[in-house]
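Asks: Dropping in structure_17.txt, with compact mmCIF, C-alpha atoms.
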```txt
# COMPACT_ATOMS: atom_id res chain seq x y z
CA MET A 1 0.00 0.00 0.00
CA SER A 2 1.39 3.41 -0.95
CA ALA A 3 0.48 6.89 0.25
CA GLN A 4 -1.63 7.56 -2.89
CA VAL A 5 -4.24 4.89 -2.16
CA LEU A 6 -4.88 5.87 1.47
CA GLU A 7 -8.24 7.44 2.15
CA THR A 8 -8.01 10.83 3.84
CA PRO A 9 -9.09 9.77 7.38
CA VAL A 10 -6.64 6.83 7.33
CA ARG A 11 -3.90 9.05 6.03
CA THR A 12 -4.54 11.61 8.77
CA ALA A 13 -4.45 8.90 11.44
CA LEU A 14 -1.24 7.46 9.96
CA ALA A 15 0.37 10.91 10.06
CA GLY A 16 -0.64 11.20 13.73
CA LEU A 17 0.84 7.79 14.53
CA LEU A 18 4.13 8.59 12.74
CA LEU A 19 4.47 11.92 14.54
CA ALA A 20 3.73 10.35 17.94
CA MET A 21 6.25 7.54 17.42
CA ALA A 22 8.91 9.87 16.03
CA ASP A 23 8.49 12.30 18.92
CA ASP A 24 8.61 9.45 21.48
CA GLU A 25 11.92 8.20 20.09
CA PHE A 26 13.34 11.69 19.60
CA VAL A 27 12.62 12.96 23.11
CA LEU A 28 13.73 9.72 24.79
CA GLY A 29 16.98 9.90 22.80
CA PHE A 30 17.69 13.37 24.15
CA TRP A 31 16.93 12.34 27.74
CA ASP A 32 19.30 9.35 27.28
CA SER A 33 22.04 11.69 26.13
CA GLU A 34 21.75 13.53 29.46
CA TRP A 35 23.62 10.59 31.05
CA THR A 36 26.71 11.05 28.89
CA GLY A 37 29.66 11.57 31.20
CA ILE A 38 27.78 10.99 34.47
CA ALA A 39 26.33 7.46 34.24
CA PRO A 40 27.08 5.19 37.25
CA VAL A 41 29.72 3.23 35.32
CA LEU A 42 31.71 3.90 32.16
CA GLU A 43 29.90 1.11 30.29
CA GLU A 44 26.60 2.91 30.82
CA ASP A 45 28.02 6.16 29.47
CA VAL A 46 28.73 4.24 26.29
CA ALA A 47 25.44 2.31 26.38
CA PHE A 48 23.20 5.34 26.92
CA ALA A 49 25.04 7.34 24.27
CA SER A 50 24.50 4.46 21.86
CA LEU A 51 20.84 4.03 22.87
CA ALA A 52 20.37 7.76 22.29
CA GLN A 53 21.91 7.52 18.84
CA ASP A 54 19.64 4.58 17.96
CA GLU A 55 16.51 6.43 19.07
CA ILE A 56 17.37 9.65 17.31
CA GLY A 57 18.13 7.62 14.17
CA HIS A 58 14.73 5.94 14.44
CA ALA A 59 13.09 9.34 14.91
CA GLN A 60 14.88 10.64 11.81
CA ALA A 61 13.56 7.73 9.72
CA LEU A 62 10.01 8.23 11.07
CA TYR A 63 10.08 12.01 10.46
CA GLN A 64 11.22 11.19 6.92
CA LEU A 65 8.24 8.82 6.45
CA LEU A 66 5.95 11.59 7.70
CA ALA A 67 7.54 14.10 5.31
CA ASP A 68 7.11 11.62 2.43
CA LEU A 69 3.44 11.23 3.37
CA GLU A 70 2.48 14.82 4.10
CA GLY A 71 5.26 16.91 2.60
CA GLY A 72 7.61 19.05 4.63
CA ASP A 73 11.16 18.74 5.84
CA PRO A 74 12.25 16.14 8.45
CA ASP A 75 14.64 18.58 10.17
CA GLU A 76 11.91 21.21 10.39
CA LEU A 77 9.60 18.58 11.94
CA ALA A 78 12.26 17.59 14.44
CA PHE A 79 13.47 21.03 15.50
CA GLY A 80 11.06 23.62 14.14
CA ARG A 81 8.06 23.24 16.45
CA PRO A 82 7.29 24.96 19.75
CA PRO A 83 7.21 22.66 22.82
CA GLU A 84 3.38 22.43 22.63
CA GLY A 85 3.68 21.04 19.08
CA TYR A 86 5.34 17.78 20.19
CA ARG A 87 3.19 14.64 20.51
CA HIS A 88 5.37 12.34 22.62
CA ALA A 89 3.71 10.39 25.42
CA ARG A 90 3.81 12.19 28.77
CA LEU A 91 6.08 9.39 30.07
CA LEU A 92 8.80 11.32 28.24
CA ASP A 93 7.98 14.60 30.00
CA HIS A 94 9.99 13.53 33.07
CA PRO A 95 13.67 14.39 33.42
CA ARG A 96 16.25 11.62 33.74
CA THR A 97 16.07 11.94 37.58
CA ASP A 98 18.17 9.13 39.19
CA TRP A 99 19.49 5.94 37.62
CA ALA A 100 16.65 3.71 38.87
CA PHE A 101 14.13 6.20 37.47
CA SER A 102 15.81 6.19 34.04
CA VAL A 103 16.00 2.39 34.08
CA ALA A 104 12.31 2.07 35.06
CA ARG A 105 11.22 4.51 32.38
CA ARG A 106 13.32 2.93 29.67
CA PHE A 107 12.17 -0.57 30.57
CA LEU A 108 8.48 0.45 30.47
CA TYR A 109 8.99 2.40 27.26
CA ASP A 110 11.03 -0.27 25.46
CA THR A 111 8.59 -3.08 26.24
CA ALA A 112 5.60 -0.91 25.19
CA ASP A 113 7.43 0.14 22.04
CA ALA A 114 8.20 -3.52 21.27
CA ALA A 115 4.47 -4.32 21.44
CA ARG A 116 3.76 -1.35 19.15
CA LEU A 117 6.45 -2.39 16.66
CA ASP A 118 5.10 -5.97 16.69
CA ALA A 119 1.71 -4.55 15.67
CA LEU A 120 3.35 -2.67 12.76
CA ALA A 121 5.67 -5.41 11.49
CA ALA A 122 3.18 -6.61 8.89
CA SER A 123 1.78 -3.13 8.18
CA ALA A 124 -0.04 -2.72 4.88
CA TYR A 125 1.77 0.63 4.59
CA GLU A 126 4.98 -0.81 3.21
CA PRO A 127 7.32 2.13 3.79
CA LEU A 128 6.53 1.88 7.52
CA ALA A 129 6.81 -1.93 7.61
CA GLY A 130 10.32 -1.61 6.11
CA VAL A 131 11.56 0.85 8.74
CA VAL A 132 9.89 -1.13 11.54
CA ALA A 133 11.64 -4.34 10.46
CA LYS A 134 14.98 -2.59 11.02
CA MET A 135 13.93 -0.90 14.25
CA ARG A 136 12.81 -4.19 15.83
CA ARG A 137 16.18 -5.78 15.23
CA GLU A 138 17.97 -2.87 16.89
CA GLU A 139 15.47 -2.57 19.73
CA THR A 140 16.15 -6.19 20.70
CA TYR A 141 19.45 -4.96 22.15
CA HIS A 142 17.61 -2.27 24.11
CA LEU A 143 15.21 -4.86 25.56
CA LEU A 144 18.08 -7.13 26.58
CA HIS A 145 19.95 -4.28 28.21
CA MET A 146 17.08 -2.77 30.16
CA HIS A 147 15.76 -6.14 31.26
CA ALA A 148 19.21 -6.96 32.68
CA TRP A 149 19.22 -3.64 34.59
CA VAL A 150 15.70 -4.11 35.96
CA GLU A 151 16.66 -7.55 37.20
CA ARG A 152 19.90 -6.23 38.70
CA LEU A 153 18.20 -3.39 40.59
CA ALA A 154 15.19 -5.49 41.64
CA THR A 155 17.42 -8.16 43.15
CA GLY A 156 20.32 -5.93 44.19
CA GLY A 157 19.43 -5.12 47.77
CA GLU A 158 17.08 -2.82 49.61
CA GLU A 159 17.94 0.61 48.27
CA PRO A 160 18.09 -0.11 44.51
CA ARG A 161 14.96 -2.22 44.81
CA ALA A 162 13.06 0.51 46.69
CA ARG A 163 14.15 3.19 44.22
CA LEU A 164 13.17 1.07 41.21
CA ALA A 165 9.77 0.14 42.68
CA ALA A 166 9.03 3.77 43.63
CA ALA A 167 9.96 4.99 40.15
CA MET A 168 7.77 2.36 38.51
CA GLU A 169 4.86 3.16 40.78
CA ARG A 170 5.15 6.82 39.85
CA LEU A 171 5.63 6.19 36.11
CA TRP A 172 2.97 3.54 35.46
CA PRO A 173 0.03 5.89 34.61
CA ASP A 174 2.26 7.82 32.21
CA ALA A 175 3.68 4.61 30.70
CA LEU A 176 0.15 3.51 29.73
CA CYS A 177 0.11 6.62 27.52
CA VAL A 178 2.80 5.21 25.20
CA LEU A 179 0.09 2.98 23.72
CA ASP A 180 -2.63 5.62 23.86
CA GLY A 181 -3.51 9.03 22.48
CA ILE A 182 -3.40 8.01 18.80
CA GLU A 183 -6.52 9.37 17.08
CA GLY A 184 -8.06 7.06 14.51
CA ASP A 185 -6.15 3.95 15.57
CA ASP A 186 -9.30 1.90 14.88
CA LEU A 187 -9.24 3.16 11.27
CA LEU A 188 -5.58 2.20 11.00
CA ALA A 189 -6.44 -1.28 12.25
CA GLU A 190 -9.29 -1.63 9.73
CA ALA A 191 -6.97 -0.58 6.91
CA GLY A 192 -4.31 -3.07 7.99
CA VAL A 193 -1.78 -0.33 8.73
CA LEU A 194 -1.79 -1.45 12.38
CA ALA A 195 -2.54 -5.06 13.35
CA GLU A 196 -5.06 -4.09 16.03
CA PRO A 197 -6.29 -0.95 17.82
CA MET A 198 -3.97 0.53 20.47
CA ALA A 199 -6.11 -0.75 23.36
CA ALA A 200 -5.47 -4.31 22.17
CA VAL A 201 -1.74 -3.64 21.73
CA ARG A 202 -1.70 -2.27 25.28
CA ARG A 203 -3.43 -5.38 26.65
CA ARG A 204 -0.91 -7.62 24.89
CA TRP A 205 1.99 -5.58 26.32
CA LEU A 206 0.63 -5.73 29.87
CA ALA A 207 -0.11 -9.47 29.59
CA GLY A 208 3.49 -10.05 28.46
CA LEU A 209 4.92 -7.98 31.32
CA ALA A 210 2.73 -9.29 34.15
CA PRO A 211 4.56 -12.58 34.89
CA GLU A 212 7.96 -10.85 34.90
CA LEU A 213 6.78 -8.07 37.22
CA ALA A 214 5.27 -10.67 39.54
CA ARG A 215 8.50 -12.72 39.52
CA LEU A 216 10.56 -9.66 40.45
CA GLY A 217 7.97 -8.34 42.92
CA LEU A 218 7.62 -5.03 41.08
CA PRO A 219 4.48 -2.84 40.97
CA ALA A 220 1.69 -3.85 38.63
CA PRO A 221 0.04 -1.21 36.42
CA PRO A 222 -3.08 0.67 37.50
CA ALA A 223 -6.33 -0.37 35.80
CA ALA A 224 -6.42 2.86 33.79
CA GLN A 225 -4.97 6.34 33.56
CA THR A 226 -6.69 9.67 33.23
CA GLY A 227 -5.72 12.89 31.53
CA ALA A 228 -4.23 13.88 28.18
CA CYS A 229 -1.56 11.45 26.98
CA ARG A 230 0.28 13.43 24.32
CA GLY A 231 0.07 17.12 25.12
CA PRO A 232 -0.39 19.89 24.22
CA GLY A 233 0.31 20.78 27.87
CA ARG A 234 3.99 20.10 28.58
CA SER A 235 6.12 19.91 31.72
CA ASP A 236 8.76 22.51 32.62
CA ASP A 237 11.31 19.69 32.39
CA PHE A 238 10.42 19.05 28.75
CA ARG A 239 10.55 22.79 28.04
CA TRP A 240 14.06 22.83 29.46
CA LEU A 241 15.07 19.87 27.25
CA TRP A 242 13.48 21.56 24.22
CA GLU A 243 15.56 24.68 24.91
CA GLN A 244 18.65 22.46 24.89
CA PHE A 245 17.98 20.42 21.78
CA THR A 246 16.76 23.34 19.65
CA MET A 247 19.44 25.77 20.83
CA VAL A 248 21.85 25.36 17.92
CA ARG A 249 19.15 25.43 15.28
CA ARG A 250 17.43 28.47 16.78
CA SER A 251 20.74 30.33 16.73
CA ASP A 252 20.74 30.12 12.91
CA PRO A 253 17.72 28.36 11.38
CA GLU A 254 19.03 28.79 7.84
CA ALA A 255 22.44 27.24 8.46
CA VAL A 256 23.44 24.37 6.17
CA TRP A 257 25.47 21.52 7.67
CA MET B 1 32.32 3.12 -24.42
CA ARG B 2 32.51 -0.63 -23.87
CA THR B 3 29.25 -2.26 -22.94
CA LEU B 4 28.88 -2.10 -19.20
CA THR B 5 28.21 -5.43 -17.50
CA ARG B 6 26.71 -6.13 -14.11
CA GLU B 7 29.92 -7.98 -13.22
CA ALA B 8 31.94 -4.82 -13.81
CA VAL B 9 29.59 -2.90 -11.53
CA TRP B 10 29.94 -5.50 -8.76
CA GLU B 11 33.72 -5.43 -9.14
CA ALA B 12 33.68 -1.65 -8.74
CA LEU B 13 31.40 -1.89 -5.71
CA ALA B 14 33.80 -4.39 -4.13
CA GLU B 15 36.39 -1.58 -4.11
CA VAL B 16 34.26 0.76 -1.96
CA PRO B 17 35.35 0.43 1.68
CA ASP B 18 33.08 0.77 4.69
CA PRO B 19 34.00 4.14 6.23
CA GLU B 20 34.09 2.82 9.81
CA ILE B 21 35.81 -0.53 9.16
CA PRO B 22 37.70 0.05 5.90
CA VAL B 23 39.09 -3.50 5.62
CA VAL B 24 35.63 -4.61 4.51
CA SER B 25 33.83 -3.37 1.41
CA VAL B 26 30.16 -2.61 0.93
CA VAL B 27 29.92 -5.94 -0.91
CA ASP B 28 31.59 -7.85 1.98
CA LEU B 29 29.00 -6.36 4.34
CA GLY B 30 26.11 -7.29 2.06
CA LEU B 31 24.95 -3.69 1.74
CA VAL B 32 24.17 -3.95 -1.98
CA HIS B 33 20.50 -4.81 -2.47
CA THR B 34 20.13 -4.51 -6.26
CA VAL B 35 22.16 -3.55 -9.31
CA GLU B 36 19.97 -2.62 -12.29
CA LEU B 37 21.31 -1.92 -15.75
CA ASP B 38 18.72 -0.54 -18.10
CA GLY B 39 20.09 0.98 -21.28
CA GLU B 40 21.83 4.17 -20.24
CA ARG B 41 20.70 3.96 -16.64
CA LEU B 42 22.60 2.27 -13.82
CA ARG B 43 20.71 2.06 -10.54
CA VAL B 44 22.16 0.66 -7.32
CA GLU B 45 20.10 0.22 -4.17
CA LEU B 46 21.88 -0.04 -0.82
CA LEU B 47 20.57 -1.28 2.52
CA PRO B 48 21.28 0.77 5.67
CA THR B 49 23.03 -1.33 8.32
CA PHE B 50 21.59 0.66 11.22
CA VAL B 51 18.74 3.16 10.92
CA GLY B 52 20.70 5.81 12.81
CA CYS B 53 24.12 5.08 11.29
CA PRO B 54 25.74 8.48 10.69
CA ALA B 55 27.83 7.02 7.85
CA LEU B 56 24.88 6.22 5.55
CA GLU B 57 25.17 9.33 3.40
CA LEU B 58 28.94 8.93 3.29
CA ILE B 59 28.54 5.34 2.05
CA ARG B 60 25.97 6.38 -0.54
CA ARG B 61 28.26 9.11 -1.83
CA SER B 62 31.36 6.86 -1.90
CA VAL B 63 29.43 4.37 -4.03
CA ALA B 64 28.16 7.13 -6.35
CA ASP B 65 31.72 8.51 -6.69
CA ARG B 66 33.15 5.09 -7.53
CA LEU B 67 30.48 4.42 -10.18
CA ALA B 68 30.72 7.90 -11.71
CA GLY B 69 31.36 7.71 -15.43
CA MET B 70 30.39 4.05 -15.80
CA ALA B 71 26.98 4.93 -17.29
CA PRO B 72 25.33 8.11 -18.58
CA ARG B 73 22.78 8.06 -15.75
CA ILE B 74 23.64 6.77 -12.31
CA GLU B 75 21.30 6.51 -9.34
CA VAL B 76 22.41 5.36 -5.90
CA GLU B 77 19.71 5.12 -3.26
CA MET B 78 19.24 3.74 0.23
CA THR B 79 16.19 1.54 0.74
CA PHE B 80 14.37 -0.16 3.62
CA ALA B 81 12.64 -2.51 1.12
CA VAL B 82 14.22 -5.48 2.89
CA PRO B 83 15.96 -5.24 6.25
CA TRP B 84 19.75 -5.47 6.22
CA THR B 85 20.74 -8.18 8.66
CA SER B 86 24.21 -9.16 9.84
CA ASP B 87 23.60 -12.57 8.22
CA ARG B 88 24.29 -10.79 4.93
CA ILE B 89 28.00 -10.35 5.78
CA THR B 90 29.85 -12.68 3.40
CA PRO B 91 32.30 -15.43 4.53
CA ASP B 92 35.08 -13.30 3.07
CA GLY B 93 33.80 -10.29 5.01
CA ARG B 94 33.79 -12.33 8.23
CA ARG B 95 37.38 -13.44 7.65
CA LYS B 96 38.49 -9.84 7.07
CA LEU B 97 36.66 -8.66 10.20
CA ARG B 98 38.40 -11.32 12.30
CA GLN B 99 41.81 -10.41 10.85
CA SER B 100 41.34 -6.81 11.88
CA GLY B 101 40.30 -7.69 15.43
CA PHE B 102 36.50 -7.75 15.17
CA ALA B 103 34.62 -10.88 16.12
CA PRO B 104 32.05 -11.52 13.39
CA PRO B 105 28.40 -11.64 14.51
CA GLY B 106 26.66 -14.87 15.38
CA PRO B 107 23.43 -15.74 13.56
CA ALA B 108 20.92 -12.90 13.78
CA ALA B 109 17.93 -13.82 15.89
CA VAL B 110 14.76 -14.34 13.94
CA VAL B 111 12.50 -11.54 15.08
CA GLY B 112 9.13 -13.23 14.79
CA ASP B 113 5.71 -11.63 14.70
CA ALA B 114 4.52 -12.98 18.04
CA ARG B 115 7.61 -13.13 20.24
CA PRO B 116 7.08 -12.95 23.99
CA LEU B 117 8.71 -9.79 25.39
CA PHE B 118 11.33 -11.69 27.35
CA ALA B 119 12.25 -14.50 24.95
CA THR B 120 15.02 -12.13 23.96
CA ILE B 121 17.14 -13.04 26.97
CA ALA B 122 18.27 -16.19 25.13
CA MET B 123 19.56 -13.92 22.37
CA ARG B 124 22.41 -12.59 24.54
CA PRO B 125 25.40 -12.76 22.21
CA THR B 126 28.51 -14.89 22.68
CA ALA B 127 31.84 -14.49 20.87
CA THR B 128 35.19 -16.10 20.22
CA CYS B 129 38.24 -13.88 20.74
CA PRO B 130 39.48 -12.72 17.31
CA TRP B 131 43.06 -12.39 18.66
CA CYS B 132 43.69 -15.73 20.41
CA GLY B 133 40.68 -17.83 19.35
CA SER B 134 39.59 -18.55 22.93
CA ALA B 135 35.90 -19.11 23.61
CA ASP B 136 36.48 -18.12 27.26
CA THR B 137 35.06 -14.62 26.81
CA ALA B 138 32.55 -12.46 28.65
CA LEU B 139 30.07 -9.92 27.39
CA GLU B 140 31.27 -6.55 28.72
CA ASN B 141 28.72 -4.21 27.15
CA LEU B 142 25.97 -4.79 24.60
CA PHE B 143 26.77 -1.31 23.31
CA GLY B 144 30.09 -0.10 21.96
CA PRO B 145 31.83 2.85 20.31
CA THR B 146 29.55 2.73 17.25
CA LEU B 147 25.97 1.54 16.79
CA CYS B 148 27.06 -1.74 15.19
CA ARG B 149 29.46 -2.95 17.91
CA THR B 150 29.32 -4.87 21.18
CA VAL B 151 32.24 -5.04 23.65
CA PHE B 152 33.61 -8.34 25.02
CA TRP B 153 36.45 -9.28 27.34
CA CYS B 154 38.76 -12.22 26.61
CA ASN B 155 39.63 -14.09 29.80
CA HIS B 156 42.50 -15.86 28.04
CA CYS B 157 44.47 -12.98 26.53
CA ARG B 158 43.03 -10.52 29.05
CA GLN B 159 42.05 -7.74 26.74
CA PRO B 160 38.84 -6.31 25.37
CA PHE B 161 37.63 -6.87 21.82
CA GLU B 162 34.62 -5.86 19.79
CA GLN B 163 32.00 -7.91 18.01
CA PHE B 164 29.83 -6.75 15.15
CA LYS B 165 26.23 -6.78 16.51
CA ALA B 166 23.98 -9.62 15.37
CA VAL B 167 20.90 -7.83 14.10
```
In structure tokens, how does this file's structure come out?
Replies:
Amino acid sequence: MSAQVLETPVRTALAGLLLAMADDEFVLGFWDSEWTGIAPVLEEDVAFASLAQDEIGHAQALYQLLADLEGGDPDELAFGRPPEGYRHARLLDHPRTDWAFSVARRFLYDTADAARLDALAASAYEPLAGVVAKMRREETYHLLHMHAWVERLATGGEEPRARLAAAMERLWPDALCVLDGIEGDDLLAEAGVLAEPMAAVRRRWLAGLAPELARLGLPAPPAAQTGACRGPGRSDDFRWLWEQFTMVRRSDPEAVW
Amino acid sequence: MRTLTREAVWEALAEVPDPEIPVVSVVDLGLVHTVELDGERLRVELLPTFVGCPALELIRRSVADRLAGMAPRIEVEMTFAVPWTSDRITPDGRRKLRQSGFAPPGPAAVVGDARPLFATIAMRPTATCPWCGSADTALENLFGPTLCRTVFWCNHCRQPFEQFKAV
């Protein structure tokens, strides 16, 4: 299926999905980069820098897909919007905080994202299916890494365990938003762009996580969350990050690299 | 101009080094998806190794530069039509990687449509030391100095080495 054959409502919903996914990966990548130089061990400096590069690369590919679909320039999409224009899940509105918090967030995000990518692997929109096939292979390394850290902190004594559990408890309602806030996801499912509506993807994610959370004695998700999932209201922390990642471009928007 | 053959194009492509690991060529790494010769038009499609690899444009341009002049119209494009996987690295490419101190990747895990979220733990990579050949090695870091590398430690020769990621 190419962009030309999409009916307008499906096309609009697809554009919304691409923007949400791109913004999720983009903002997470910048939060990851905040650990460069100050991670608990040297290996994690390297790992989080590499994770950041992966995510920003994925965002770049998704912004390109959106530009191919709707016109526009991927760099302008990435850097040219005000903070209220971003559509990332509010899970990504939090700062990096401490290590356990970053691990908890990344673990919840990566597993949710894996469920989302699974639902797009056989997408009828072929350009997206192609990019997703690559992303899934790379994200496997993220899943392995974050799962190892969750296990290490959960079984590593009182303090790491308490910090991890507290972070998860706090983040759960916002994590549910990663698989929410996509308008027209039912239309995307009908058109075969997405395997099933987001609520079903979310159920599959939570069912996959439940036994592991129970095994490690970590907090289970709440039954539901309330409030807007993807803006436009944004945290001061995200506004600070936005100032950082748009700083160079704002200093000379016309510069050519 | 002599008639251009596909073989000549492949030979030229085999001379284009990977910018990060120049001992291997784009052909060794399996980056070439298609070579199409259609009258005056030569079109080559390349597969990105990693979505966020900063060297993609550099690779595309190196290929275009090497092919310049071989046909009146030359197109070199990157495509996600099929995913590049590390299984595409040729036996020759693996030998060259080993000789320059990189452990070649193991078989890439099949990323199925309905994998459980934690089946991936069995995918944790293992490697043989490219310097001394010992299998007594430990995974040091899944992530390394570039997107495509993992860091190991060899317990036998007591030094770190890198493995190309299995993706």
Asks: Would you mind reading off the distance between CA of Pro219 in chain A and CA of Leu206 in chain A, one decimal, in Å?
Replies: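 Separating CA of Pro219 in chain A from CA of Leu206 in chain A is a distance of 12.1 Å.
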Asks: Can you pull out every residue within 8 Å of range 85-94 of chain A, counting all atoms listed in the file, but drop anything in the same chain fewer than 3 positions away, and send it as a list in words?
Replies: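 The neighbour list is Leu19, Ala20, Met21, Ala22, Asp23, Asp24, Val27, Leu28, Arg81, Pro82, Thr97, Arg105, Leu171, Asp174, Ala175, Cys177, Val178, Gly181, Cys229, Arg230, Gly231, Pro232, Arg234, Ser235, Asp237 and Phe238 of chain A.
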Asks: Can you work out which one of A:Gln225, A:Ser102, A:Gln53, A:Ser251 has the shortest atom-to-atom distance to chain B, counting all atoms listed in the file?
Replies: A:Gln53
Asks: My list of candidates is A:Asp252, A:Glu25, A:Asp73, A:Glu44. Which is closest to chain B when distances are computed with only C-alpha atoms?
Replies: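 Counting only C-alpha atoms, the residue closest to chain B is A:Glu44.
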Asks: I'd like the interatomic distance between CA of Leu216 in chain A and CA of Glu196 in chain A, to a tenth of an Å.
Replies: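 Calculated distance between CA of Leu216 in chain A and CA of Glu196 in chain A is 29.5 Å.
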Asks: Identify the residues within 10 Å of coordinate (29.1, 6.2, -18.6) (same frame as the file), considering only C-alpha atoms, and give the answer as a list in words.
Replies: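 Residues found, by chain and rising number: Met1, Arg2, Thr3, Leu4, Glu40, Arg41, Leu42, Leu67, Ala68, Gly69, Met70, Ala71, Pro72, Arg73 and Ile74 of chain B.
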Asks: Can you spit out the residues from that selection as a PDB file, in the coordinates of the input, using C-alpha atoms?
Replies:
```pdb
ATOM      1  CA  MET B   1      32.320   3.120 -24.420  1.00  0.00           C
ATOM      2  CA  ARG B   2      32.510  -0.630 -23.870  1.00  0.00           C
ATOM      3  CA  THR B   3      29.250  -2.260 -22.940  1.00  0.00           C
ATOM      4  CA  LEU B   4      28.880  -2.100 -19.200  1.00  0.00           C
ATOM      5  CA  GLU B  40      21.830   4.170 -20.240  1.00  0.00           C
ATOM      6  CA  ARG B  41      20.700   3.960 -16.640  1.00  0.00           C
ATOM      7  CA  LEU B  42      22.600   2.270 -13.820  1.00  0.00           C
ATOM      8  CA  LEU B  67      30.480   4.420 -10.180  1.00  0.00           C
ATOM      9  CA  ALA B  68      30.720   7.900 -11.710  1.00  0.00           C
ATOM     10  CA  GLY B  69      31.360   7.710 -15.430  1.00  0.00           C
ATOM     11  CA  MET B  70      30.390   4.050 -15.800  1.00  0.00           C
ATOM     12  CA  ALA B  71      26.980   4.930 -17.290  1.00  0.00           C
ATOM     13  CA  PRO B  72      25.330   8.110 -18.580  1.00  0.00           C
ATOM     14  CA  ARG B  73      22.780   8.060 -15.750  1.00  0.00           C
ATOM     15  CA  ILE B  74      23.640   6.770 -12.310  1.00  0.00           C
TER      16      ILE B  74
END
```
Asks: Smallest atom-to-atom distance to chain A: which of B:Val44, B:Ala108, B:Ile59, B:Ala12, using all atoms listed in the file?
Replies: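 Using all atoms listed in the file, chain A sits closest to B:Ala108.
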Asks: For Cys148 in chain B, which residue out of B:Glu20, B:Glu57, B:Asp65, B:Glu7 is the nearest one, using only C-alpha atoms?
Replies: B:Glu20
Asks: I'd like the neighbourhood of range 152-164 of chain A as a ChimeraX atom specification, where a residue qualifies if any of its atoms comes within 10 Å (using only C-alpha atoms), though same-chain residues fewer than 6 positions away should be ignored.
Replies: /A:98-105,146,170,213,216-219
Asks: Taking (34.1, -6.5, 19.1) in the coordinates of the supplied file, I want to know which residues reach to within 6 Å of it, counting only C-alpha atoms; could you give the answer as a VMD selection string?
Replies: chain B and resid 102 to 103 149 to 151 161 to 164
Asks: For each of A:Arg203, A:His58, A:Arg250, A:Arg116, take the minimum atom-to-atom distance to chain B, counting only C-alpha atoms, then give the residue where this is smallest.
Replies: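 Using only C-alpha atoms, the shortest distance to chain B belongs to A:His58.
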Asks: Distance CA of Ala124 in chain A-CA of Thr49 in chain B, one decimal place?
Replies: 23.4 Å
Asks: With distances taken over all atoms listed in the file, which residue among B:Ser25, B:Thr34, B:Thr126, B:Ser86 lies nearest chain A?
Replies: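 Residue with the minimum atom-to-atom distance to chain A: B:Ser86.
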Asks: What's around Asp87 in chain B at 9 Å? Count all atoms listed in the file, leave out sequence neighbours fewer than 2 positions away in its own chain, and write the answer as a short mmCIF file (atom, residue, chain, number, x, y, z; two decimals) with C-alpha atoms, in the coordinates of the input.
Replies:
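File written: part_7.cif
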```cif
data_model
loop_
_atom_site.label_atom_id
_atom_site.label_comp_id
_atom_site.auth_asym_id
_atom_site.auth_seq_id
_atom_site.Cartn_x
_atom_site.Cartn_y
_atom_site.Cartn_z
CA GLY B 30 26.11 -7.29 2.06
CA TRP B 84 19.75 -5.47 6.22
CA THR B 85 20.74 -8.18 8.66
CA ILE B 89 28.00 -10.35 5.78
CA THR B 90 29.85 -12.68 3.40
CA PRO B 105 28.40 -11.64 14.51
CA GLY B 106 26.66 -14.87 15.38
CA PRO B 107 23.43 -15.74 13.56
CA ALA B 108 20.92 -12.90 13.78
CA ALA B 166 23.98 -9.62 15.37
CA VAL B 167 20.90 -7.83 14.10
#
```
Asks: Could you give me, as a PDB file with C-alpha atoms, in the coordinates of the input, the residues within 8 Å of Arg66 in chain B, counting all atoms listed in the file and dropping anything in the same chain fewer than 2 positions from it?
Replies:
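So the final result, stored in part_8.pdb, reads:
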```pdb
ATOM      1  CA  ALA B  12      33.680  -1.650  -8.740  1.00  0.00           C
ATOM      2  CA  LEU B  13      31.400  -1.890  -5.710  1.00  0.00           C
ATOM      3  CA  VAL B  16      34.260   0.760  -1.960  1.00  0.00           C
ATOM      4  CA  SER B  62      31.360   6.860  -1.900  1.00  0.00           C
ATOM      5  CA  VAL B  63      29.430   4.370  -4.030  1.00  0.00           C
ATOM      6  CA  ALA B  64      28.160   7.130  -6.350  1.00  0.00           C
ATOM      7  CA  ALA B  68      30.720   7.900 -11.710  1.00  0.00           C
TER       8      ALA B  68
END
```
